[in-house]
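This is input-v4.cif. It holds mmCIF, C-alpha atoms.
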data_entry
#
loop_
_atom_site.group_PDB
_atom_site.id
_atom_site.type_symbol
_atom_site.label_atom_id
_atom_site.label_comp_id
_atom_site.auth_asym_id
_atom_site.auth_seq_id
_atom_site.Cartn_x
_atom_site.Cartn_y
_atom_site.Cartn_z
ATOM 1 C CA MET A 1198 56.238 -34.242 18.053
ATOM 2 C CA LYS A 1199 52.456 -33.699 17.932
ATOM 3 C CA ARG A 1200 50.961 -31.821 15.028
ATOM 4 C CA LYS A 1201 48.691 -28.864 15.800
ATOM 5 C CA HIS A 1202 45.165 -29.313 14.491
ATOM 6 C CA GLY A 1203 43.588 -26.398 12.613
ATOM 7 C CA PHE A 1204 42.047 -25.235 9.367
ATOM 8 C CA THR A 1205 44.118 -24.874 6.325
ATOM 9 C CA LEU A 1206 43.621 -21.809 4.169
ATOM 10 C CA VAL A 1207 41.802 -23.868 1.564
ATOM 11 C CA GLU A 1208 39.417 -25.308 4.166
ATOM 12 C CA LEU A 1209 38.716 -21.842 5.553
ATOM 13 C CA LEU A 1210 37.938 -20.494 2.098
ATOM 14 C CA VAL A 1211 35.584 -23.405 1.431
ATOM 15 C CA VAL A 1212 33.699 -22.742 4.683
ATOM 16 C CA MET A 1213 33.458 -19.039 3.862
ATOM 17 C CA ALA A 1214 32.155 -19.852 0.403
ATOM 18 C CA ILE A 1215 29.486 -22.140 1.856
ATOM 19 C CA ILE A 1216 28.408 -19.465 4.359
ATOM 20 C CA SER A 1217 28.215 -16.853 1.604
ATOM 21 C CA LEU A 1218 26.128 -19.223 -0.500
ATOM 22 C CA LEU A 1219 23.724 -19.827 2.406
ATOM 23 C CA ILE A 1220 23.415 -16.107 3.069
ATOM 24 C CA GLY A 1221 22.699 -15.514 -0.611
ATOM 25 C CA LEU A 1222 19.943 -18.111 -0.488
ATOM 26 C CA LEU A 1223 18.445 -16.828 2.761
ATOM 27 C CA LEU A 1224 18.449 -13.063 2.136
ATOM 28 C CA PRO A 1225 15.719 -13.065 -0.548
ATOM 29 C CA ALA A 1226 13.553 -15.269 1.649
ATOM 30 C CA LEU A 1227 14.110 -12.961 4.618
ATOM 31 C CA ALA A 1228 13.313 -9.887 2.517
ATOM 32 C CA LYS A 1229 10.120 -11.525 1.278
ATOM 33 C CA ALA A 1230 9.139 -12.485 4.820
ATOM 34 C CA ARG A 1231 9.776 -8.920 6.006
ATOM 35 C CA ALA A 1232 7.665 -7.496 3.155
ATOM 36 C CA GLN A 1233 4.837 -9.884 3.996
ATOM 37 C CA ALA A 1234 5.056 -8.897 7.664
ATOM 38 C CA MET A 1235 4.812 -5.215 6.687
ATOM 39 C CA LEU A 1236 1.781 -5.949 4.514
ATOM 40 C CA THR A 1237 0.089 -7.868 7.334
ATOM 41 C CA LYS A 1238 0.780 -5.135 9.888
ATOM 42 C CA ASP A 1239 -0.408 -2.417 7.505
ATOM 43 C CA SER A 1240 -3.596 -4.368 6.825
ATOM 44 C CA ALA A 1241 -4.223 -4.710 10.567
ATOM 45 C CA GLN A 1242 -3.749 -0.956 11.089
ATOM 46 C CA ILE A 1243 -6.127 -0.001 8.275
ATOM 47 C CA LYS A 1244 -8.694 -2.462 9.579
ATOM 48 C CA GLU A 1245 -8.367 -1.083 13.113
ATOM 49 C CA ILE A 1246 -8.799 2.528 11.976
ATOM 50 C CA HIS A 1247 -11.923 1.676 9.997
ATOM 51 C CA GLN A 1248 -13.265 -0.376 12.892
ATOM 52 C CA SER A 1249 -12.763 2.638 15.150
ATOM 53 C CA TRP A 1250 -14.839 4.699 12.706
ATOM 54 C CA VAL A 1251 -17.638 2.159 12.940
ATOM 55 C CA VAL A 1252 -17.562 2.288 16.742
ATOM 56 C CA PHE A 1253 -17.431 6.105 16.591
ATOM 57 C CA SER A 1254 -20.615 6.067 14.487
ATOM 58 C CA ARG A 1255 -22.585 5.174 17.613
ATOM 59 C CA GLU A 1256 -21.953 8.724 18.814
ATOM 60 C CA LEU A 1257 -23.321 10.196 15.577
ATOM 61 C CA ARG A 1258 -26.474 8.144 14.973
ATOM 62 C CA GLY A 1259 -24.798 5.830 12.493
ATOM 63 C CA ALA A 1260 -22.622 8.375 10.678
ATOM 64 C CA LEU A 1261 -18.889 7.696 10.562
ATOM 65 C CA PRO A 1262 -16.673 10.380 12.216
ATOM 66 C CA THR A 1263 -17.819 13.723 10.822
ATOM 67 C CA PRO A 1264 -15.856 16.682 12.238
ATOM 68 C CA GLY A 1265 -18.510 19.177 11.136
ATOM 69 C CA LEU A 1266 -21.104 17.415 13.288
ATOM 70 C CA ILE A 1267 -18.811 17.576 16.308
ATOM 71 C CA ASP A 1268 -17.525 21.146 16.017
ATOM 72 C CA ARG A 1269 -20.739 22.779 14.792
ATOM 73 C CA LEU A 1270 -21.480 26.298 13.615
ATOM 74 C CA LYS A 1271 -23.136 28.909 15.817
ATOM 75 C CA ASP A 1272 -26.682 27.977 16.695
ATOM 76 C CA PRO A 1273 -28.986 30.461 14.870
ATOM 77 C CA ILE A 1274 -31.543 30.551 17.690
ATOM 78 C CA LEU A 1275 -29.153 30.963 20.612
ATOM 79 C CA ASP A 1276 -26.583 32.900 18.565
ATOM 80 C CA GLU A 1277 -23.845 30.918 20.304
ATOM 81 C CA GLU A 1278 -21.609 27.935 19.671
ATOM 82 C CA ILE A 1279 -23.069 25.181 21.852
ATOM 83 C CA PRO A 1280 -21.671 21.612 22.004
ATOM 84 C CA GLY A 1281 -23.956 19.252 20.093
ATOM 85 C CA ARG A 1282 -26.208 21.999 18.748
ATOM 86 C CA GLY A 1283 -26.202 24.080 15.581
ATOM 87 C CA PRO A 1284 -25.761 23.472 11.830
ATOM 88 C CA GLU A 1285 -23.021 21.169 10.532
ATOM 89 C CA ASP A 1286 -19.771 22.930 9.679
ATOM 90 C CA TYR A 1287 -19.093 21.403 6.263
ATOM 91 C CA GLU A 1288 -15.741 23.174 6.000
ATOM 92 C CA ALA A 1289 -14.449 21.072 8.912
ATOM 93 C CA ASN A 1290 -14.915 17.810 6.995
ATOM 94 C CA TRP A 1291 -11.372 17.391 5.659
ATOM 95 C CA THR A 1292 -8.648 14.838 6.317
ATOM 96 C CA GLY A 1293 -6.857 16.512 9.232
ATOM 97 C CA PRO A 1294 -9.881 16.888 11.547
ATOM 98 C CA LEU A 1295 -11.125 13.410 10.577
ATOM 99 C CA PHE A 1296 -8.021 11.712 11.962
ATOM 100 C CA SER A 1297 -7.410 14.236 14.729
ATOM 101 C CA VAL A 1298 -10.865 13.955 16.297
ATOM 102 C CA CYS A 1299 -10.496 10.159 16.447
ATOM 103 C CA ILE A 1300 -7.114 10.486 18.148
ATOM 104 C CA MET A 1301 -8.467 13.072 20.582
ATOM 105 C CA ARG A 1302 -11.189 10.636 21.655
ATOM 106 C CA HIS A 1303 -8.686 7.783 21.963
ATOM 107 C CA TYR A 1304 -10.133 5.631 19.190
ATOM 108 C CA PHE A 1305 -6.571 5.129 17.925
ATOM 109 C CA THR A 1306 -3.120 6.606 18.473
ATOM 110 C CA PRO A 1307 -1.131 9.011 16.270
ATOM 111 C CA GLN A 1308 1.303 6.157 15.599
ATOM 112 C CA LEU A 1309 -1.446 3.975 14.119
ATOM 113 C CA ALA A 1310 -2.074 6.603 11.432
ATOM 114 C CA ILE A 1311 1.380 5.915 9.943
ATOM 115 C CA ALA A 1312 1.885 2.861 7.730
ATOM 116 C CA PRO A 1313 4.718 0.518 8.839
ATOM 117 C CA SER A 1314 6.160 0.682 5.312
ATOM 118 C CA GLU A 1315 5.733 4.456 4.890
ATOM 119 C CA PRO A 1316 8.250 5.498 2.190
ATOM 120 C CA SER A 1317 7.988 9.294 2.529
ATOM 121 C CA GLY A 1318 10.200 11.277 4.860
ATOM 122 C CA ASN A 1319 7.448 13.930 5.041
ATOM 123 C CA VAL A 1320 4.972 11.558 6.676
ATOM 124 C CA LEU A 1321 5.635 11.405 10.404
ATOM 125 C CA SER A 1322 3.733 10.392 13.515
ATOM 126 C CA MET A 1323 2.482 13.344 15.563
ATOM 127 C CA ASP A 1324 4.073 12.198 18.803
ATOM 128 C CA ASN A 1325 3.449 15.581 20.465
ATOM 129 C CA TYR A 1326 -0.323 15.427 19.946
ATOM 130 C CA ASN A 1327 -1.967 17.942 22.283
ATOM 131 C CA TYR A 1328 -4.777 16.172 24.121
ATOM 132 C CA ASP A 1329 -5.297 19.321 26.199
ATOM 133 C CA ALA A 1330 -6.599 21.080 23.075
ATOM 134 C CA TYR A 1331 -10.026 19.571 23.788
ATOM 135 C CA GLN A 1332 -11.960 22.602 25.059
ATOM 136 C CA PRO A 1333 -15.635 22.383 24.019
ATOM 137 C CA LEU A 1334 -16.645 25.417 26.087
ATOM 138 C CA GLY A 1335 -14.154 27.812 24.563
ATOM 139 C CA ALA A 1336 -10.393 28.158 24.699
ATOM 140 C CA ASN A 1337 -9.416 30.594 21.910
ATOM 141 C CA ILE A 1338 -7.331 27.929 20.188
ATOM 142 C CA ASP A 1339 -5.464 29.348 17.184
ATOM 143 C CA CYS A 1340 -5.272 26.993 14.226
ATOM 144 C CA PRO A 1341 -2.138 27.189 12.069
ATOM 145 C CA ASP A 1342 -4.092 27.606 8.819
ATOM 146 C CA ASP A 1343 -5.667 30.840 10.055
ATOM 147 C CA PRO A 1344 -3.834 32.083 13.145
ATOM 148 C CA ALA A 1345 -5.649 35.427 13.022
ATOM 149 C CA THR A 1346 -9.013 33.779 13.681
ATOM 150 C CA PRO A 1347 -9.287 32.213 17.143
ATOM 151 C CA HIS A 1348 -11.842 29.452 17.682
ATOM 152 C CA SER A 1349 -14.284 29.749 20.554
ATOM 153 C CA ASP A 1350 -14.263 25.968 21.054
ATOM 154 C CA SER A 1351 -11.940 23.106 20.217
ATOM 155 C CA TYR A 1352 -12.540 19.370 19.804
ATOM 156 C CA TRP A 1353 -9.215 18.167 18.368
ATOM 157 C CA ASP A 1354 -5.611 19.247 17.944
ATOM 158 C CA CYS A 1355 -5.815 21.496 14.880
ATOM 159 C CA LYS A 1356 -2.040 21.173 14.302
ATOM 160 C CA PHE A 1357 -2.504 17.630 12.956
ATOM 161 C CA ASP A 1358 -1.316 18.283 9.394
ATOM 162 C CA VAL A 1359 -1.838 16.482 6.080
ATOM 163 C CA THR A 1360 0.550 18.343 3.755
ATOM 164 C CA LEU A 1361 2.346 15.616 1.822
ATOM 165 C CA PHE A 1362 4.889 18.058 0.386
ATOM 166 C CA GLY A 1363 5.548 19.478 3.862
ATOM 167 C CA THR A 1364 4.533 17.577 6.977
ATOM 168 C CA CYS A 1365 1.845 14.913 6.938
ATOM 169 C CA ASN A 1366 0.677 13.009 10.013
ATOM 170 C CA THR A 1367 -1.125 10.158 8.261
ATOM 171 C CA SER A 1368 -0.279 7.670 5.528
ATOM 172 C CA TYR A 1369 -3.832 6.850 4.543
ATOM 173 C CA ALA A 1370 -6.345 8.188 2.027
ATOM 174 C CA HIS A 1371 -10.097 8.037 2.609
ATOM 175 C CA MET A 1372 -13.469 8.641 0.994
ATOM 176 C CA PRO A 1373 -14.316 12.375 0.886
ATOM 177 C CA ILE A 1374 -16.842 13.383 3.534
ATOM 178 C CA ALA A 1375 -19.039 15.232 1.048
ATOM 179 C CA GLY A 1376 -21.825 14.996 -1.501
ATOM 180 C CA GLU A 1377 -23.595 11.807 -2.477
ATOM 181 C CA ARG A 1378 -20.760 9.669 -1.185
ATOM 182 C CA LYS A 1379 -21.322 11.080 2.274
ATOM 183 C CA LYS A 1380 -25.093 10.622 2.090
ATOM 184 C CA ARG A 1381 -24.929 7.085 0.790
ATOM 185 C CA HIS A 1382 -21.764 5.592 2.212
ATOM 186 C CA TRP A 1383 -20.288 7.604 5.117
ATOM 187 C CA ARG A 1384 -22.234 5.399 7.502
ATOM 188 C CA ASP A 1385 -22.054 1.944 9.035
ATOM 189 C CA THR A 1386 -23.633 0.363 5.949
ATOM 190 C CA LEU A 1387 -21.679 -2.938 5.899
ATOM 191 C CA ASP A 1388 -21.278 -2.463 2.130
ATOM 192 C CA SER A 1389 -18.601 -4.925 1.037
ATOM 193 C CA THR A 1390 -18.057 -3.142 -2.307
ATOM 194 C CA MET A 1391 -17.436 0.427 -1.094
ATOM 195 C CA GLY A 1392 -13.830 1.272 -0.254
ATOM 196 C CA MET A 1393 -13.492 3.685 2.657
ATOM 197 C CA LEU A 1394 -9.814 3.879 3.645
ATOM 198 C CA GLY A 1395 -6.523 2.672 2.288
ATOM 199 C CA THR A 1396 -3.004 3.130 1.029
ATOM 200 C CA ARG A 1397 -2.704 6.364 -0.947
ATOM 201 C CA GLY A 1398 -1.896 6.119 -4.643
ATOM 202 C CA VAL A 1399 -0.655 7.859 -7.777
ATOM 203 C CA LYS A 1400 -2.264 11.198 -8.667
ATOM 204 C CA ASP A 1401 -5.791 10.672 -10.031
ATOM 205 C CA GLY A 1402 -5.023 6.981 -10.433
ATOM 206 C CA ASP A 1403 -3.388 7.792 -13.762
ATOM 207 C CA TYR A 1404 -1.570 4.662 -14.898
ATOM 208 C CA LEU A 1405 -1.111 5.943 -18.475
ATOM 209 C CA ALA A 1406 1.155 8.872 -17.624
ATOM 210 C CA GLU A 1407 4.267 6.749 -17.199
ATOM 211 C CA ALA A 1408 6.586 9.527 -16.022
ATOM 212 C CA GLN A 1409 4.128 10.571 -13.310
ATOM 213 C CA TYR A 1410 3.377 6.959 -12.371
ATOM 214 C CA TYR A 1411 6.983 5.870 -11.906
ATOM 215 C CA ARG A 1412 7.877 9.046 -9.981
ATOM 216 C CA SER A 1413 5.188 8.403 -7.380
ATOM 217 C CA ILE A 1414 6.643 7.401 -4.036
ATOM 218 C CA THR A 1415 3.460 5.447 -3.306
ATOM 219 C CA LEU A 1416 4.817 2.576 -5.400
ATOM 220 C CA GLU A 1417 7.279 1.910 -2.592
ATOM 221 C CA PHE A 1418 4.637 1.028 -0.010
ATOM 222 C CA HIS A 1419 4.413 -2.637 -0.989
ATOM 223 C CA GLY A 1420 5.215 -2.892 -4.691
ATOM 224 C CA GLY A 1421 8.858 -1.918 -5.015
ATOM 225 C CA HIS A 1422 9.608 0.776 -7.593
ATOM 226 C CA LYS A 1423 7.705 -0.508 -10.607
ATOM 227 C CA GLU A 1424 4.136 -1.239 -9.553
ATOM 228 C CA TRP A 1425 1.582 -0.019 -7.042
ATOM 229 C CA VAL A 1426 0.413 -2.500 -4.425
ATOM 230 C CA GLY A 1427 -1.895 -1.308 -1.695
ATOM 231 C CA LEU A 1428 -4.593 -2.145 0.832
ATOM 232 C CA VAL A 1429 -8.185 -0.934 1.017
ATOM 233 C CA ALA A 1430 -10.700 -1.334 3.849
ATOM 234 C CA PHE A 1431 -14.308 -1.704 2.750
ATOM 235 C CA ASN A 1432 -17.366 -0.679 4.704
ATOM 236 C CA ASP A 1433 -17.983 -4.179 6.042
ATOM 237 C CA ASN A 1434 -14.471 -3.871 7.594
ATOM 238 C CA HIS A 1435 -12.745 -6.433 5.391
ATOM 239 C CA VAL A 1436 -9.371 -5.365 3.910
ATOM 240 C CA GLU A 1437 -8.196 -6.322 0.422
ATOM 241 C CA ARG A 1438 -4.734 -6.340 -1.123
ATOM 242 C CA LEU A 1439 -4.908 -4.678 -4.539
ATOM 243 C CA ASP A 1440 -2.307 -4.365 -7.282
ATOM 244 C CA THR A 1441 -4.324 -2.159 -9.619
ATOM 245 C CA PHE A 1442 -6.245 1.126 -9.450
ATOM 246 C CA LEU A 1443 -9.059 -0.565 -11.417
ATOM 247 C CA PRO A 1444 -9.873 -3.842 -9.626
ATOM 248 C CA GLN A 1445 -11.801 -6.145 -11.933
ATOM 249 C CA HIS A 1446 -14.408 -6.978 -9.285
ATOM 250 C CA LEU A 1447 -15.136 -3.331 -8.400
ATOM 251 C CA ASN A 1448 -17.513 -1.576 -10.774
ATOM 252 C CA TYR A 1449 -20.093 1.146 -10.281
ATOM 253 C CA HIS A 1450 -23.352 1.286 -12.229
ATOM 254 C CA THR A 1451 -25.314 4.110 -13.791
ATOM 255 C CA VAL A 1452 -28.997 3.819 -14.581
ATOM 256 C CA ALA A 1453 -30.488 5.425 -17.704
ATOM 257 C CA ALA A 1454 -33.968 6.930 -17.937
ATOM 258 C CA ASP A 1455 -35.286 3.645 -19.368
ATOM 259 C CA GLY A 1456 -33.965 1.753 -16.356
ATOM 260 C CA THR A 1457 -30.982 0.220 -18.160
ATOM 261 C CA SER A 1458 -28.024 -0.335 -15.824
ATOM 262 C CA THR A 1459 -24.531 0.177 -17.226
ATOM 263 C CA PRO A 1460 -21.390 -0.988 -15.389
ATOM 264 C CA HIS A 1461 -18.243 1.148 -15.378
ATOM 265 C CA ALA A 1462 -14.714 0.298 -14.267
ATOM 266 C CA ASP A 1463 -14.023 2.001 -10.941
ATOM 267 C CA ASN A 1464 -10.691 3.786 -10.492
ATOM 268 C CA ILE A 1465 -10.206 3.963 -6.723
ATOM 269 C CA PHE A 1466 -8.082 7.150 -6.969
ATOM 270 C CA ASN A 1467 -10.255 9.041 -9.421
ATOM 271 C CA ASP A 1468 -13.559 10.883 -9.041
ATOM 272 C CA ASP A 1469 -15.182 8.874 -11.839
ATOM 273 C CA THR A 1470 -18.764 10.085 -11.410
ATOM 274 C CA GLY A 1471 -18.235 13.716 -10.490
ATOM 275 C CA ASP A 1472 -20.444 14.338 -7.452
ATOM 276 C CA GLY A 1473 -20.001 18.093 -7.827
ATOM 277 C CA MET A 1474 -16.312 17.913 -6.985
ATOM 278 C CA GLY A 1475 -14.687 18.670 -10.278
ATOM 279 C CA GLY A 1476 -15.498 15.444 -12.103
ATOM 280 C CA SER A 1477 -17.622 14.952 -15.205
ATOM 281 C CA GLY A 1478 -18.744 11.340 -15.087
ATOM 282 C CA PRO A 1479 -21.816 9.732 -16.668
ATOM 283 C CA ASN A 1480 -23.914 9.975 -13.503
ATOM 284 C CA ASP A 1481 -24.958 13.476 -12.479
ATOM 285 C CA GLU A 1482 -25.738 12.406 -8.925
ATOM 286 C CA GLY A 1483 -22.307 10.903 -8.468
ATOM 287 C CA GLY A 1484 -21.092 9.250 -5.333
ATOM 288 C CA PHE A 1485 -21.405 5.677 -6.554
ATOM 289 C CA ASP A 1486 -17.727 5.098 -7.218
ATOM 290 C CA ILE A 1487 -14.816 4.655 -4.825
ATOM 291 C CA TRP A 1488 -12.527 7.658 -4.479
ATOM 292 C CA LEU A 1489 -9.713 7.653 -1.902
ATOM 293 C CA VAL A 1490 -7.885 10.953 -1.320
ATOM 294 C CA ILE A 1491 -6.154 13.160 1.218
ATOM 295 C CA TYR A 1492 -7.357 16.759 1.060
ATOM 296 C CA LYS A 1493 -7.020 19.970 3.066
ATOM 297 C CA GLU A 1494 -10.010 22.081 2.123
ATOM 298 C CA ILE A 1495 -13.719 21.760 1.363
ATOM 299 C CA ASN A 1496 -16.346 24.458 0.829
ATOM 300 C CA ASP A 1497 -19.526 24.907 2.848
ATOM 301 C CA ASP A 1498 -21.983 23.987 0.079
ATOM 302 C CA PRO A 1499 -23.781 20.742 1.008
ATOM 303 C CA VAL A 1500 -25.427 20.497 -2.448
ATOM 304 C CA ASN A 1501 -22.425 21.144 -4.703
ATOM 305 C CA PRO A 1502 -19.355 20.505 -2.539
ATOM 306 C CA GLU A 1503 -15.910 21.232 -3.886
ATOM 307 C CA ILE A 1504 -12.851 19.749 -2.261
ATOM 308 C CA SER A 1505 -9.487 21.352 -2.941
ATOM 309 C CA LEU A 1506 -5.853 21.202 -1.950
ATOM 310 C CA ILE A 1507 -5.850 17.492 -2.742
ATOM 311 C CA GLN A 1508 -2.544 15.955 -1.708
ATOM 312 C CA TRP A 1509 -0.593 13.582 -3.964
ATOM 313 C CA ASP A 1510 2.980 12.353 -3.894
#

Any chance you could give the structure as structure tokens?
Amino acid sequence: MKRKHGFTLVELLVVMAIISLLIGLLLPALAKARAQAMLTKDSAQIKEIHQSWVVFSRELRGALPTPGLIDRLKDPILDEEIPGRGPEDYEANWTGPLFSVCIMRHYFTPQLAIAPSEPSGNVLSMDNYNYDAYQPLGANIDCPDDPATPHSDSYWDCKFDVTLFGTCNTSYAHMPIAGERKKRHWRDTLDSTMGMLGTRGVKDGDYLAEAQYYRSITLEFHGGHKEWVGLVAFNDNHVERLDTFLPQHLNYHTVAADGTSTPHADNIFNDDTGDGMGGSGPNDEGGFDIWLVIYKEINDDPVNPEISLIQWD
């Protein structure tokens, strides 16, 4: 009588143990590979957005996308809103219009504005972006922030929102389009030391307030739950991986009356020098340091701009 060939229980258990061991060895490597892939994809997206800004600058005589130069105020001579004519509307230079006007002109898609590793459930791609909202000759488009005041022209979908505690349609923070920063850096300058766009961070870049730091969901982008790791695009379009708010190689300088230059550590999420936006740094002119934020409101004062409704999570 022939014996039937097969696995004994002991042999089966040994095989299962070997498979479990292999899975245990492979899973960390797979997780690390996935994290690296997310970092690479995120870096490519940030680089592409900044590159689109540089290309956009050809429409604005070298200035990066500036909503207030696209949707201008009423021309004082003609007493009408005319495309391409009239004073700059400084109040339009906030985060929502910045991203929305680029999407409207097909420089990038709504999906590209969302990081592949986005940890917040409030940050979602605006898949229903209204490209028909582009009406430069007048369409009475009602914006959600002020539905009682219709606009006589429209250059982007005004429903693109940046409320991190509600609905936000972008993952990325950027340099404020205001003050000395705008004058000096919101252009195609090829400055390799000035950060323009990147992963958002902990409120005010405060790494000393431990409770606030560890509660910030921004730690989950690329650093797990214990440390912030992010990406920043500089004005020469290179992207750097950073694991600190105060990179050792990024410093701004102030110059005293006697010409002495003093270096200062640059916190990329803090308004270190002031620039008329609530800070009180050592340089009255401001605008020399990197400051990456998402914000919803800015006043119409070109000399002493104040940005408000800054978004942190």

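When the PyMOL selection byres ((chain A and resi 1395) around 8) is run on the displayed coordinates, the residues it returns are Ile1243, Tyr1369, Ala1370, His1371, Gly1392, Met1393, Leu1394, Thr1396, Arg1397, Gly1427, Leu1428, Val1429, Ala1430 and Leu1489 of chain A.
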
Would you output that residue set with C-alpha atoms, as a compact mmCIF listing (two decimals), keeping the file's coordinate frame?
# COMPACT_ATOMS: atom_id res chain seq x y z
CA ILE A 1243 -6.13 0.00 8.28
CA TYR A 1369 -3.83 6.85 4.54
CA ALA A 1370 -6.34 8.19 2.03
CA HIS A 1371 -10.10 8.04 2.61
CA GLY A 1392 -13.83 1.27 -0.25
CA MET A 1393 -13.49 3.68 2.66
CA LEU A 1394 -9.81 3.88 3.64
CA THR A 1396 -3.00 3.13 1.03
CA ARG A 1397 -2.70 6.36 -0.95
CA GLY A 1427 -1.90 -1.31 -1.70
CA LEU A 1428 -4.59 -2.14 0.83
CA VAL A 1429 -8.18 -0.93 1.02
CA ALA A 1430 -10.70 -1.33 3.85
CA LEU A 1489 -9.71 7.65 -1.90

Coordinates-based distance that separates atom CA of Tyr1352 of chain A from atom CA of Lys1271 of chain A (Å, one decimal):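 Atom CA of Tyr1352 of chain A lies 14.8 Å from atom CA of Lys1271 of chain A.
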
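One distance worth recording is that between atom CA of Glu1417 of chain A and atom CA of Ser1317 of chain A, which is 9.0 Å.
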
What does the PyMOL selection byres ((chain A and resi 1411) around 12) select in this file, as a list in words?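 What the PyMOL selection byres ((chain A and resi 1411) around 12) grabs from the file is Gly1398, Val1399, Lys1400, Asp1403, Tyr1404, Leu1405, Ala1406, Glu1407, Ala1408, Gln1409, Tyr1410, Arg1412, Ser1413, Ile1414, Thr1415, Leu1416, Glu1417, Gly1420, Gly1421, His1422, Lys1423, Glu1424, Trp1425 and Asp1510 of chain A.
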
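For the pair atom CA of Glu1377 of chain A and atom CA of Thr1451 of chain A, the interatomic distance is 13.8 Å.
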
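Ranking A:Asp1324, A:Asp1497, A:Asp1385, A:Asp1286 by their shortest atom-to-atom distance to Leu1261 of chain A, with only C-alpha atoms included, puts A:Asp1385 first.
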
Mind telling me what the PyMOL selection byres ((chain A and resi 1298-1308) around 6) catches here, as an MDAnalysis selection string? chainID A and resid 1249 1294:1297 1309:1311 1322:1323 1328 1353

Quick one: write out the picked residues with C-alpha atoms as a short mmCIF file (atom, residue, chain, number, x, y, z; two decimals), in the frame of the given file?
data_model
loop_
_atom_site.label_atom_id
_atom_site.label_comp_id
_atom_site.auth_asym_id
_atom_site.auth_seq_id
_atom_site.Cartn_x
_atom_site.Cartn_y
_atom_site.Cartn_z
CA SER A 1249 -12.76 2.64 15.15
CA PRO A 1294 -9.88 16.89 11.55
CA LEU A 1295 -11.12 13.41 10.58
CA PHE A 1296 -8.02 11.71 11.96
CA SER A 1297 -7.41 14.24 14.73
CA LEU A 1309 -1.45 3.98 14.12
CA ALA A 1310 -2.07 6.60 11.43
CA ILE A 1311 1.38 5.92 9.94
CA SER A 1322 3.73 10.39 13.52
CA MET A 1323 2.48 13.34 15.56
CA TYR A 1328 -4.78 16.17 24.12
CA TRP A 1353 -9.22 18.17 18.37
#

Who sits within 8 Å of Ile1279 of chain A, all atoms listed in the file, same chain under 6 positions skipped, as a ChimeraX atom specification: /A:1269,1271-1272,1334

Residues near Gln1445 of chain A, cut-off 12 Å, only C-alpha atoms, skip fewer than 6 positions along chain, as an NGL selection string: :A and (1390 or 1439 or 1460-1465)

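The shortest atom-to-atom distance to Gly1283 of chain A, with all atoms listed in the file taken into account, belongs to A:Leu1266 out of A:Leu1266, A:Leu1257, A:Ile1507, A:Ile1216.
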
If we count all atoms listed in the file, what is near segment 1233-1238 of chain A at a cut-off of 10 Å, once residues fewer than 4 positions away on the same chain are taken out, given as a compact mmCIF listing (two decimals) with C-alpha atoms, in the frame of the given file?
# COMPACT_ATOMS: atom_id res chain seq x y z
CA LEU A 1227 14.11 -12.96 4.62
CA ALA A 1228 13.31 -9.89 2.52
CA LYS A 1229 10.12 -11.52 1.28
CA GLN A 1242 -3.75 -0.96 11.09
CA ILE A 1243 -6.13 0.00 8.28
CA LYS A 1244 -8.69 -2.46 9.58
CA ALA A 1312 1.88 2.86 7.73
CA PRO A 1313 4.72 0.52 8.84
CA SER A 1314 6.16 0.68 5.31
CA GLU A 1315 5.73 4.46 4.89
CA PHE A 1418 4.64 1.03 -0.01
CA HIS A 1419 4.41 -2.64 -0.99
CA VAL A 1426 0.41 -2.50 -4.42
CA GLY A 1427 -1.90 -1.31 -1.70
CA LEU A 1428 -4.59 -2.14 0.83
CA ARG A 1438 -4.73 -6.34 -1.12
